[in-house]
$ cat structure33.tsv   # TSV, C-alpha atoms and all ligand atoms
chain	number	residue	atom	x	y	z
A	1	MET	CA	12.17	-6.62	-4.34
A	2	THR	CA	15.18	-5.48	-6.24
A	3	ASP	CA	16.49	-2.89	-8.63
A	4	GLU	CA	14.36	-4.41	-11.35
A	5	TRP	CA	11.28	-3.05	-9.61
A	6	PHE	CA	13.02	0.25	-9.11
A	7	GLU	CA	14.02	0.82	-12.71
A	8	ASP	CA	10.64	-0.33	-13.99
A	9	GLU	CA	9.00	2.35	-11.86
A	10	LEU	CA	11.53	5.07	-12.51
A	11	PRO	CA	12.82	4.65	-16.06
A	12	TRP	CA	14.46	8.09	-15.93
A	13	LEU	CA	16.88	6.87	-13.31
A	14	GLY	CA	18.88	4.67	-15.62
A	15	PRO	CA	21.63	2.49	-14.23
A	16	PRO	CA	22.76	3.31	-10.68
A	17	PRO	CA	25.70	5.72	-10.45
A	18	PRO	CA	29.03	4.03	-9.75
A	19	LEU	CA	29.41	4.16	-5.98
A	20	PRO	CA	32.83	3.45	-4.51
A	21	PRO	CA	33.24	-0.09	-3.20
A	22	ARG	CA	32.28	-0.59	0.41
A	23	ARG	CA	35.16	-0.79	2.83
A	24	GLU	CA	36.10	-4.37	3.75
A	25	GLN	CA	34.48	-5.70	6.86
A	26	PRO	CA	36.78	-7.49	9.34
A	27	GLN	CA	37.11	-11.24	8.75
A	28	SER	CA	35.18	-13.62	10.99
A	29	ASN	CA	38.06	-14.66	13.23
A	30	PRO	CA	37.11	-16.05	16.66
A	31	VAL	CA	38.36	-12.80	18.20
A	32	PRO	CA	38.23	-10.27	15.37
A	33	PRO	CA	40.74	-7.45	15.56
A	34	ALA	CA	39.27	-4.00	15.73
A	35	PRO	CA	38.64	-2.66	12.21
A	36	PRO	CA	41.21	-0.09	11.20
A	37	ARG	CA	39.98	3.41	11.76
A	38	ARG	CA	39.84	5.54	8.72
A	39	PRO	CA	42.68	8.05	9.00
A	40	ALA	CA	41.59	11.49	10.10
A	41	ARG	CA	40.55	13.78	7.29
A	42	PRO	CA	43.57	15.88	6.39
A	43	ARG	CA	43.24	19.45	7.50
A	44	VAL	CA	43.19	21.97	4.73
A	45	SER	CA	45.64	24.86	4.80
A	46	ALA	CA	44.51	28.46	4.47
A	47	SER	CA	45.64	28.67	0.86
A	48	SER	CA	43.93	25.47	-0.22
A	49	ALA	CA	40.88	26.51	1.78
A	50	ALA	CA	40.75	29.63	-0.35
A	51	ALA	CA	41.02	27.44	-3.43
A	52	VAL	CA	38.17	25.32	-2.10
A	53	ALA	CA	36.10	28.39	-1.38
A	54	SER	CA	36.32	29.28	-5.05
A	55	TYR	CA	35.17	25.80	-6.02
A	56	PRO	CA	33.83	26.41	-9.50
A	57	LEU	CA	30.34	25.48	-10.51
A	58	PRO	CA	30.42	22.69	-13.04
A	59	PRO	CA	30.44	24.00	-16.60
A	60	ARG	CA	27.67	23.05	-18.95
A	61	ARG	CA	28.65	20.27	-21.28
A	62	GLN	CA	28.96	21.37	-24.90
A	63	ARG	CA	27.01	19.44	-27.45
A	64	ALA	CA	29.39	17.07	-29.24
A	65	PRO	CA	29.83	17.81	-32.95
A	66	GLN	CA	27.88	15.53	-35.23
A	67	PRO	CA	30.00	12.90	-36.96
A	68	ALA	CA	30.83	13.64	-40.56
A	69	LEU	CA	28.94	11.65	-43.14
A	70	PRO	CA	30.97	9.00	-44.94
A	71	PRO	CA	32.33	10.29	-48.29
A	72	VAL	CA	30.58	9.02	-51.37
A	73	PRO	CA	33.02	8.12	-54.17
A	74	PRO	CA	31.93	9.89	-57.36
A	75	SER	CA	31.26	7.29	-60.02
A	76	ALA	CA	33.02	9.52	-62.61
A	77	GLN	CA	36.32	8.68	-61.00
A	78	LEU	CA	35.88	4.98	-61.46
A	79	PRO	CA	38.81	3.56	-63.42
A	80	GLN	CA	38.23	1.39	-66.44
A	81	ARG	CA	37.37	-2.09	-65.28
A	82	GLY	CA	35.65	-5.25	-66.42
A	83	ILE	CA	31.87	-4.99	-66.79
A	84	GLY	CA	31.24	-7.25	-63.76
A	85	GLU	CA	33.50	-5.11	-61.56
A	86	ILE	CA	31.81	-1.90	-62.71
A	87	VAL	CA	28.34	-3.26	-61.94
A	88	ALA	CA	29.52	-4.39	-58.49
A	89	LEU	CA	31.11	-0.99	-57.75
A	90	LYS	CA	27.98	0.81	-58.97
A	91	TRP	CA	25.86	-1.15	-56.54
A	92	LEU	CA	28.38	-0.43	-53.77
A	93	GLY	CA	28.09	3.28	-54.61
A	94	VAL	CA	24.29	3.14	-54.51
A	95	LEU	CA	24.49	1.36	-51.18
A	96	LEU	CA	26.86	3.98	-49.74
A	97	VAL	CA	24.61	6.83	-50.91
A	98	LEU	CA	21.63	5.05	-49.35
A	99	VAL	CA	23.46	4.56	-46.02
A	100	ALA	CA	24.66	8.17	-46.00
A	101	GLY	CA	21.15	9.42	-46.78
A	102	LEU	CA	19.58	7.35	-44.03
A	103	THR	CA	22.24	8.46	-41.53
A	104	ALA	CA	21.60	12.10	-42.38
A	105	LEU	CA	17.86	11.55	-42.09
A	106	ALA	CA	18.30	9.90	-38.68
A	107	LEU	CA	20.45	12.79	-37.43
A	108	VAL	CA	17.95	15.38	-38.66
A	109	LEU	CA	15.06	13.49	-37.04
A	110	ARG	CA	16.97	13.21	-33.77
A	111	ASP	CA	17.67	16.94	-33.67
A	112	PHE	CA	14.20	18.09	-34.55
A	113	ARG	CA	12.11	15.45	-32.84
A	114	GLY	CA	9.52	17.13	-30.66
A	115	PRO	CA	8.47	15.84	-27.26
A	116	ALA	CA	7.28	12.24	-27.37
A	117	PRO	CA	3.50	11.94	-27.32
A	118	ALA	CA	2.14	11.36	-23.86
A	119	THR	CA	1.05	7.78	-23.38
A	120	PRO	CA	-2.04	7.25	-21.29
A	121	THR	CA	-1.22	5.46	-18.05
A	122	PRO	CA	-3.47	3.56	-15.69
A	123	ALA	CA	-4.66	5.55	-12.68
A	124	GLY	CA	-2.31	5.40	-9.75
A	125	GLN	CA	0.77	4.55	-11.77
A	126	LEU	CA	3.79	6.73	-11.32
A	127	VAL	CA	4.52	8.89	-14.34
A	128	ILE	CA	7.82	10.66	-14.62
A	129	PRO	CA	9.06	12.04	-17.93
A	130	LEU	CA	12.31	10.83	-19.38
A	131	ALA	CA	15.16	13.31	-19.24
A	132	GLU	CA	15.59	13.56	-23.01
A	133	GLU	CA	11.90	14.31	-23.46
A	134	THR	CA	11.90	17.35	-21.22
A	135	GLY	CA	15.15	18.89	-22.41
A	136	ASN	CA	16.42	19.41	-18.88
A	137	PRO	CA	19.00	22.22	-18.99
A	138	LEU	CA	20.87	20.75	-16.02
A	139	ALA	CA	21.19	17.26	-17.50
A	140	GLY	CA	24.64	15.96	-18.24
A	141	GLN	CA	26.59	18.55	-16.29
A	142	GLN	CA	30.24	17.75	-15.86
A	143	VAL	CA	31.30	17.87	-12.23
A	144	VAL	CA	34.94	18.24	-11.30
A	145	ALA	CA	36.02	16.31	-8.19
A	146	ASN	CA	37.37	18.53	-5.41
A	147	PRO	CA	40.49	17.01	-3.79
A	148	ALA	CA	39.47	18.60	-0.45
A	149	PHE	CA	36.51	16.17	-0.32
A	150	ASP	CA	38.75	13.12	-0.71
A	151	GLY	CA	38.12	10.71	2.17
A	152	VAL	CA	35.03	12.55	3.45
A	153	VAL	CA	32.27	9.98	3.97
A	154	ILE	CA	28.61	10.95	3.65
A	155	CYS	CA	25.91	8.55	4.78
A	156	LEU	CA	22.73	9.16	2.79
A	157	ASP	CA	19.48	7.73	4.10
A	158	ALA	CA	16.55	7.36	1.71
A	159	ALA	CA	13.84	7.39	4.34
A	160	HIS	CA	11.12	4.72	4.49
A	161	GLY	CA	11.19	1.71	2.14
A	162	GLY	CA	9.92	-1.85	2.15
A	163	VAL	CA	6.50	-2.06	3.83
A	164	ASP	CA	6.92	1.52	5.10
A	165	ARG	CA	5.88	3.77	2.21
A	166	GLY	CA	5.86	7.09	4.11
A	167	TYR	CA	3.45	9.74	2.80
A	168	LYS	CA	1.36	8.85	-0.24
A	169	ARG	CA	-0.64	10.95	-2.63
A	170	MET	CA	-3.24	9.83	-5.12
A	171	GLY	CA	-2.73	10.83	-8.72
A	172	ASP	CA	-5.01	13.60	-9.95
A	173	ALA	CA	-5.23	16.13	-12.76
A	174	ILE	CA	-2.45	18.21	-11.19
A	175	ALA	CA	0.25	15.65	-10.36
A	176	PRO	CA	0.89	11.93	-10.49
A	177	ALA	CA	0.39	9.43	-7.69
A	178	MET	CA	3.49	9.46	-5.49
A	179	ASP	CA	4.82	7.65	-2.50
A	180	GLU	CA	7.56	8.97	-0.32
A	181	ALA	CA	9.59	5.75	-0.17
A	182	LEU	CA	9.97	5.61	-3.94
A	183	TYR	CA	10.86	9.26	-4.33
A	184	THR	CA	13.36	9.33	-1.46
A	185	ALA	CA	15.17	6.40	-3.08
A	186	ALA	CA	15.23	8.12	-6.47
A	187	TYR	CA	16.39	11.49	-5.14
A	188	THR	CA	18.98	9.84	-2.89
A	189	ARG	CA	20.42	7.81	-5.74
A	190	GLU	CA	20.82	10.90	-7.88
A	191	LEU	CA	22.33	12.90	-5.00
A	192	ALA	CA	24.76	10.04	-4.30
A	193	GLY	CA	25.93	10.18	-7.90
A	194	GLN	CA	26.37	13.95	-7.74
A	195	LEU	CA	28.32	13.86	-4.46
A	196	THR	CA	30.51	11.00	-5.70
A	197	ALA	CA	31.37	13.07	-8.78
A	198	MET	CA	32.30	15.97	-6.47
A	199	GLY	CA	34.87	13.72	-4.76
A	200	PHE	CA	32.96	12.55	-1.67
A	201	THR	CA	32.71	8.94	-0.54
A	202	VAL	CA	29.01	8.13	-0.34
A	203	VAL	CA	27.36	5.24	1.46
A	204	THR	CA	23.60	4.72	1.43
A	205	THR	CA	21.37	2.99	3.97
A	206	ARG	CA	19.33	1.58	1.10
A	207	ASP	CA	19.35	1.60	-2.70
A	208	GLY	CA	16.14	0.76	-4.44
A	209	ASP	CA	13.31	-0.77	-2.46
A	210	THR	CA	15.46	-2.48	0.14
A	211	VAL	CA	15.78	-2.06	3.91
A	212	GLN	CA	18.56	-2.66	6.44
A	213	ASN	CA	16.54	-4.89	8.75
A	214	ALA	CA	14.70	-7.10	6.27
A	215	GLN	CA	14.37	-9.96	8.80
A	216	PHE	CA	12.72	-7.71	11.41
A	217	GLN	CA	15.36	-8.39	14.07
A	218	ASP	CA	15.19	-6.61	17.44
A	219	VAL	CA	18.06	-4.30	16.45
A	220	ASN	CA	17.52	-1.78	19.25
A	221	ARG	CA	17.21	-4.58	21.87
A	222	ASP	CA	14.01	-3.20	23.37
A	223	GLY	CA	12.21	-6.54	23.13
A	224	LYS	CA	9.75	-5.07	20.61
A	225	THR	CA	9.67	-6.31	17.03
A	226	ARG	CA	7.27	-6.34	14.11
A	227	GLU	CA	6.34	-9.90	15.13
A	228	ASN	CA	5.22	-9.14	18.68
A	229	GLY	CA	3.27	-5.92	18.19
A	230	SER	CA	-0.23	-6.24	19.67
A	231	SER	CA	-1.79	-4.31	16.78
A	232	ASP	CA	-0.84	-3.54	13.18
A	233	ALA	CA	0.06	-0.01	14.18
A	234	GLU	CA	2.27	-1.19	17.05
A	235	ALA	CA	3.94	-3.81	14.83
A	236	ALA	CA	4.71	-1.13	12.24
A	237	GLN	CA	6.07	1.21	14.91
A	238	ASN	CA	8.28	-1.54	16.39
A	239	ALA	CA	9.62	-2.35	12.92
A	240	LEU	CA	10.27	1.33	12.22
A	241	MET	CA	12.33	1.78	15.40
A	242	ASP	CA	14.41	-1.33	14.63
A	243	GLU	CA	14.91	-0.27	11.02
A	244	MET	CA	16.05	3.23	11.96
A	245	GLN	CA	18.39	1.81	14.63
A	246	ALA	CA	19.87	-0.48	11.96
A	247	ARG	CA	20.43	2.53	9.68
A	248	ILE	CA	22.13	4.46	12.50
A	249	GLU	CA	24.45	1.48	13.11
A	250	PHE	CA	25.17	1.35	9.38
A	251	CYS	CA	26.26	5.03	9.24
A	252	ASN	CA	28.29	4.60	12.45
A	253	ASP	CA	30.03	1.46	11.13
A	254	GLU	CA	30.91	3.36	7.96
A	255	ASN	CA	32.54	6.10	10.09
A	256	ALA	CA	30.54	8.68	8.16
A	257	ASP	CA	31.34	12.37	8.62
A	258	LEU	CA	27.76	13.41	7.92
A	259	LEU	CA	24.31	11.83	7.93
A	260	ILE	CA	21.53	13.15	5.73
A	261	SER	CA	18.12	11.53	5.92
A	262	ILE	CA	15.96	12.43	2.94
A	263	HIS	CA	12.20	12.73	3.32
A	264	PHE	CA	9.31	14.54	1.71
A	265	ASP	CA	6.66	16.22	3.76
A	266	GLY	CA	2.98	15.41	3.71
A	267	SER	CA	-0.08	16.99	5.25
A	268	SER	CA	-3.84	16.56	5.46
A	269	GLN	CA	-4.01	20.28	4.63
A	270	ALA	CA	-3.68	20.41	0.85
A	271	GLU	CA	-2.52	24.03	0.88
A	272	GLU	CA	0.52	23.30	3.05
A	273	SER	CA	3.64	23.20	0.94
A	274	GLY	CA	7.36	23.68	0.92
A	275	PHE	CA	10.64	22.39	2.29
A	276	THR	CA	11.96	22.09	5.84
A	277	THR	CA	15.19	20.88	7.41
A	278	TRP	CA	15.57	19.50	10.92
A	279	TYR	CA	18.54	19.33	13.26
A	280	ALA	CA	18.94	17.92	16.77
A	281	THR	CA	19.73	20.15	19.75
A	282	GLY	CA	21.67	19.15	22.85
A	283	ARG	CA	24.40	17.19	21.08
A	284	GLY	CA	28.10	18.02	20.90
A	285	ASP	CA	27.76	18.50	17.15
A	286	SER	CA	24.44	20.38	17.15
A	287	ALA	CA	26.07	23.58	15.86
A	288	GLU	CA	27.40	21.73	12.80
A	289	SER	CA	24.04	20.08	12.16
A	290	GLN	CA	22.25	23.40	12.46
A	291	ARG	CA	24.69	25.01	10.03
A	292	LEU	CA	24.11	22.29	7.43
A	293	ALA	CA	20.34	22.54	7.93
A	294	GLU	CA	20.56	26.29	7.24
A	295	LEU	CA	22.82	25.88	4.21
A	296	ILE	CA	20.40	23.38	2.65
A	297	ILE	CA	17.52	25.79	3.23
A	298	ASP	CA	19.48	28.68	1.68
A	299	GLU	CA	20.45	26.69	-1.41
A	300	LEU	CA	16.96	25.24	-1.93
A	301	ASP	CA	15.43	28.69	-1.53
A	302	ALA	CA	17.80	30.30	-4.03
A	303	ASP	CA	17.90	27.50	-6.60
A	304	LEU	CA	14.15	26.80	-6.65
A	305	ALA	CA	13.42	30.52	-7.04
A	306	ALA	CA	16.03	30.79	-9.79
A	307	GLY	CA	14.35	27.88	-11.56
A	308	GLY	CA	11.02	29.68	-11.42
A	309	PHE	CA	9.48	27.21	-8.96
A	310	VAL	CA	7.00	28.68	-6.48
A	311	THR	CA	6.88	26.95	-3.10
A	312	THR	CA	7.34	27.69	0.61
A	313	ASN	CA	10.54	28.01	2.62
A	314	ASN	CA	9.66	26.56	6.04
A	315	GLY	CA	13.17	27.05	7.36
A	316	ALA	CA	15.64	25.03	9.43
A	317	LYS	CA	13.98	23.78	12.60
A	318	PRO	CA	15.26	22.27	15.86
A	319	ASP	CA	13.99	18.87	17.02
A	320	THR	CA	12.36	20.57	20.02
A	321	VAL	CA	9.70	22.00	17.66
A	322	ALA	CA	8.92	18.54	16.28
A	323	ALA	CA	8.47	17.19	19.80
A	324	THR	CA	5.80	19.75	20.68
A	325	HIS	CA	4.15	20.84	17.42
A	326	GLY	CA	5.22	18.40	14.71
A	327	SER	CA	3.40	15.34	13.44
A	328	GLN	CA	4.18	11.86	14.75
A	329	MET	CA	5.84	11.01	11.42
A	330	VAL	CA	8.16	14.02	11.65
A	331	TYR	CA	8.91	13.24	15.29
A	332	ASP	CA	9.76	9.63	14.43
A	333	SER	CA	11.93	10.62	11.46
A	334	LEU	CA	14.26	12.60	13.74
A	335	PHE	CA	15.22	9.36	15.52
A	336	MET	CA	18.12	9.10	13.05
A	337	ILE	CA	19.79	12.32	14.24
A	338	VAL	CA	18.79	12.95	17.86
A	339	GLY	CA	21.12	12.31	20.81
A	340	SER	CA	18.93	9.84	22.65
A	341	ARG	CA	15.33	8.73	22.85
A	342	ALA	CA	13.32	5.92	24.41
A	343	GLY	CA	14.05	2.69	22.53
A	344	MET	CA	17.37	3.92	21.15
A	345	LYS	CA	20.41	1.69	21.62
A	346	ASP	CA	23.04	3.98	20.06
A	347	SER	CA	22.76	7.44	18.61
A	348	SER	CA	24.39	8.48	15.34
A	349	ARG	CA	27.98	9.61	15.86
A	350	MET	CA	28.14	12.35	13.24
A	351	PRO	CA	26.35	15.65	12.54
A	352	GLY	CA	23.09	15.02	10.78
A	353	VAL	CA	20.06	16.59	9.18
A	354	VAL	CA	16.60	15.37	8.22
A	355	ALA	CA	15.59	17.15	5.02
A	356	ASP	CA	11.94	17.35	3.93
A	357	LEU	CA	12.31	18.21	0.25
A	358	LEU	CA	8.93	19.73	-0.62
A	359	THR	CA	5.49	18.40	0.29
A	360	ILE	CA	4.03	15.61	-1.81
A	361	SER	CA	0.45	16.23	-0.61
A	362	ASN	CA	0.55	19.67	-2.24
A	363	GLY	CA	-0.25	19.62	-5.96
A	364	THR	CA	2.21	22.30	-7.01
A	365	ASP	CA	5.03	20.79	-4.96
A	366	ALA	CA	4.23	17.32	-6.32
A	367	GLN	CA	4.49	18.67	-9.87
A	368	ILE	CA	7.90	20.10	-9.10
A	369	LEU	CA	9.07	16.85	-7.47
A	370	ALA	CA	7.90	14.71	-10.38
A	371	SER	CA	9.51	16.92	-13.02
A	372	GLU	CA	13.00	16.37	-14.35
A	373	THR	CA	14.01	20.01	-13.90
A	374	GLY	CA	12.55	20.15	-10.39
A	375	ARG	CA	14.44	17.05	-9.36
A	376	SER	CA	17.71	18.27	-10.87
A	377	THR	CA	17.32	21.66	-9.20
A	378	ILE	CA	16.69	20.13	-5.77
A	379	VAL	CA	19.49	17.57	-6.02
A	380	GLN	CA	21.89	20.27	-7.23
A	381	ALA	CA	20.92	22.54	-4.33
A	382	MET	CA	21.53	19.73	-1.84
A	383	ALA	CA	24.93	18.97	-3.36
A	384	GLU	CA	25.93	22.63	-3.31
A	385	ALA	CA	24.92	22.97	0.35
A	386	ILE	CA	26.93	19.89	1.34
A	387	GLY	CA	29.93	21.18	-0.60
A	388	ARG	CA	29.66	24.56	1.13
A	389	TYR	CA	29.35	22.88	4.53
A	390	PHE	CA	32.63	21.02	4.12
A	391	THR	CA	34.33	24.02	2.53
A	392	GLU	CA	33.42	26.11	5.58
A	393	THR	CA	34.47	23.33	7.96
A	394	ALA	CA	37.86	23.11	6.25
A	395	ALA	CA	38.28	26.88	6.35
A	396	LEU	CA	37.48	26.95	10.06
A	397	GLY	CA	39.84	24.08	10.89
A	401	ZN	ZN	9.20	10.67	5.75
$ encode --input "structure33.tsv" --output "structure tokens" --more "lines below"
Ligand SMILES: [Zn+2]
Amino acid sequence: MTDEWFEDELPWLGPPPPLPPRREQPQSNPVPPAPPRRPARPRVSASSAAAVASYPLPPRRQRAPQPALPPVPPSAQLPQRGIGEIVALKWLGVLLVLVAGLTALALVLRDFRGPAPATPTPAGQLVIPLAEETGNPLAGQQVVANPAFDGVVICLDAAHGGVDRGYKRMGDAIAPAMDEALYTAAYTRELAGQLTAMGFTVVTTRDGDTVQNAQFQDVNRDGKTRENGSSDAEAAQNALMDEMQARIEFCNDENADLLISIHFDGSSQAEESGFTTWYATGRGDSAESQRLAELIIDELDADLAAGGFVTTNNGAKPDTVAATHGSQMVYDSLFMIVGSRAGMKDSSRMPGVVADLLTISNGTDAQILASETGRSTIVQAMAEAIGRYFTETAALG
């Protein structure tokens, strides 16, 4: 499946944001030379760190002035001409007046058009309003690239995808049907666009409904694949481990400075709601990961409250909690960021966070997630947290 599927399902996404071209892979020589390491990120001096710290929030874009209507030549000023010429010019004048009138009418209708009438949709189909229908106040913000972020690579992982749909909810009177794989892809694509505009280099483990390990190879070399699982559940688990190992290798190969795996939570308890971030303990970069996990929580908490959204702040949690009290799905999802685990070939080589951005099994949370303003608020909070993380890192260095 390709982007066609993706844009059909999520018309509000529009065309994908322009991501920077992937770095060239080494040519297939018999003995390939080692790929050139990306030069170390330049350290930021104290004065430029201060400038970074005052990184301004993007200003709201002003509404562009409406184009002036074309002037209509008054017929009184027509010079004396032959009767044929006068008739032709008269018709031209009438035509111009007609065009001007229609243009004005179109502009008036565009400005005062109310929300488009809701179209009934078949049960189970994803319904997300178009941006222009909801009048999202955050839409179209201009973001100024920060030179301090130049050369910083962020690996974004839209969790799940392909046959793995993650958590699902049925549509009901409160909120539409949702599946985690679709929403992680949509949120990740928008976050990638935002971060790119801020000056970061963004790479994504998937875009649209694609996966890294589409051929179900034994990426983690544990002898277990989707093909040789003894049950459907085991086959799915084998495929998941290989897919996540492939995504880890992808972020490592891209020499990313940060890995963020985007999920949504789900629960059999309908009242459970809110957002959680996860970081791995026992790694050399655990302090950095924990800091980012906390910054994301702080920004989500502040921005969602400021937007009038009511949900639950479940905090930044260490992987040790997932191992003892979390669900199997949460435990599995941390594979991307932990130091080691059974079946892992290589661990990720950069600080990382798993972010559960609200809980799709909760009706109120699902409403927020499916709304244009909710999505913009959450993506903006994520982008602000990542910006603050690198600003702090630069100030410390
Ligand atoms: Zn998930």
$ closest_atom_pairs --input "structure33.tsv" --of "chain A" --to "ligand ZN 401 (chain A)" --cutoff "7 Å" --atoms "all atoms listed in the file" --output "JSON lines"
{"residue": "A:Ala159", "atom": "CA", "partner": "A:ZN401", "partner_atom": "ZN", "distance": 5.9}
{"residue": "A:His160", "atom": "CA", "partner": "A:ZN401", "partner_atom": "ZN", "distance": 6.4}
{"residue": "A:Gly166", "atom": "CA", "partner": "A:ZN401", "partner_atom": "ZN", "distance": 5.2}
{"residue": "A:Tyr167", "atom": "CA", "partner": "A:ZN401", "partner_atom": "ZN", "distance": 6.5}
{"residue": "A:Glu180", "atom": "CA", "partner": "A:ZN401", "partner_atom": "ZN", "distance": 6.5}
{"residue": "A:His263", "atom": "CA", "partner": "A:ZN401", "partner_atom": "ZN", "distance": 4.4}
{"residue": "A:Phe264", "atom": "CA", "partner": "A:ZN401", "partner_atom": "ZN", "distance": 5.6}
{"residue": "A:Asp265", "atom": "CA", "partner": "A:ZN401", "partner_atom": "ZN", "distance": 6.4}
{"residue": "A:Met329", "atom": "CA", "partner": "A:ZN401", "partner_atom": "ZN", "distance": 6.6}
{"residue": "A:Val330", "atom": "CA", "partner": "A:ZN401", "partner_atom": "ZN", "distance": 6.9}
{"residue": "A:Ser333", "atom": "CA", "partner": "A:ZN401", "partner_atom": "ZN", "distance": 6.3}
$ atom_distance --input "structure33.tsv" --atom1 "atom CA of A:Leu240" --atom2 "atom CA of A:Glu272"
25.7 Å
$ residues_around --input "structure33.tsv" --residues "A:Trp278" --least-positions-apart "2" --cutoff "8 Å" --atoms "all atoms listed in the file" --output "list in words"
Thr276, Ala280, Gln290, Ala293, Ala316, Lys317, Pro318, Asp319, Leu334, Val353, Val354 and Ala355 of chain A
$ write_last_selection --input "structure33.tsv" --atoms "C-alpha atoms" --output "PDB file, keeping the file's coordinate frame"
ATOM      1  CA  THR A 276      11.960  22.090   5.840  1.00  0.00           C
ATOM      2  CA  ALA A 280      18.940  17.920  16.770  1.00  0.00           C
ATOM      3  CA  GLN A 290      22.250  23.400  12.460  1.00  0.00           C
ATOM      4  CA  ALA A 293      20.340  22.540   7.930  1.00  0.00           C
ATOM      5  CA  ALA A 316      15.640  25.030   9.430  1.00  0.00           C
ATOM      6  CA  LYS A 317      13.980  23.780  12.600  1.00  0.00           C
ATOM      7  CA  PRO A 318      15.260  22.270  15.860  1.00  0.00           C
ATOM      8  CA  ASP A 319      13.990  18.870  17.020  1.00  0.00           C
ATOM      9  CA  LEU A 334      14.260  12.600  13.740  1.00  0.00           C
ATOM     10  CA  VAL A 353      20.060  16.590   9.180  1.00  0.00           C
ATOM     11  CA  VAL A 354      16.600  15.370   8.220  1.00  0.00           C
ATOM     12  CA  ALA A 355      15.590  17.150   5.020  1.00  0.00           C
TER      13      ALA A 355
END
$ residues_around --input "structure33.tsv" --residues "stretch 305-315 of chain A" --least-positions-apart "2" --cutoff "6 Å" --atoms "all atoms listed in the file" --output "VMD selection string"
chain A and resid 273 to 276 302 to 303
$ atom_distance --input "structure33.tsv" --atom1 "atom CA of A:Phe149" --atom2 "atom CA of A:Glu190"
18.2 Å
$ residues_around --input "structure33.tsv" --residues "A:Ala385" --least-positions-apart "5" --cutoff "9 Å" --atoms "only C-alpha atoms" --output "NGL selection string"
:A and (292-300 or 380 or 390)
$ atom_distance --input "structure33.tsv" --atom1 "atom CA of A:Gly161" --atom2 "atom CA of A:Gly282"
29.0 Å
$ residues_around --input "structure33.tsv" --residues "A:Pro351" --least-positions-apart "6" --cutoff "10 Å" --atoms "only C-alpha atoms" --output "JSON, numbers by chain"
{"A": [256, 257, 258, 259, 260, 279, 280, 283, 284, 285, 286, 287, 288, 289, 290, 291, 292, 337, 338]}
$ closest_residue --input "structure33.tsv" --among "A:Glu234, A:Asp332, A:Asp157, A:Asp242" --to "A:Gly208" --atoms "all atoms listed in the file"
A:Asp157
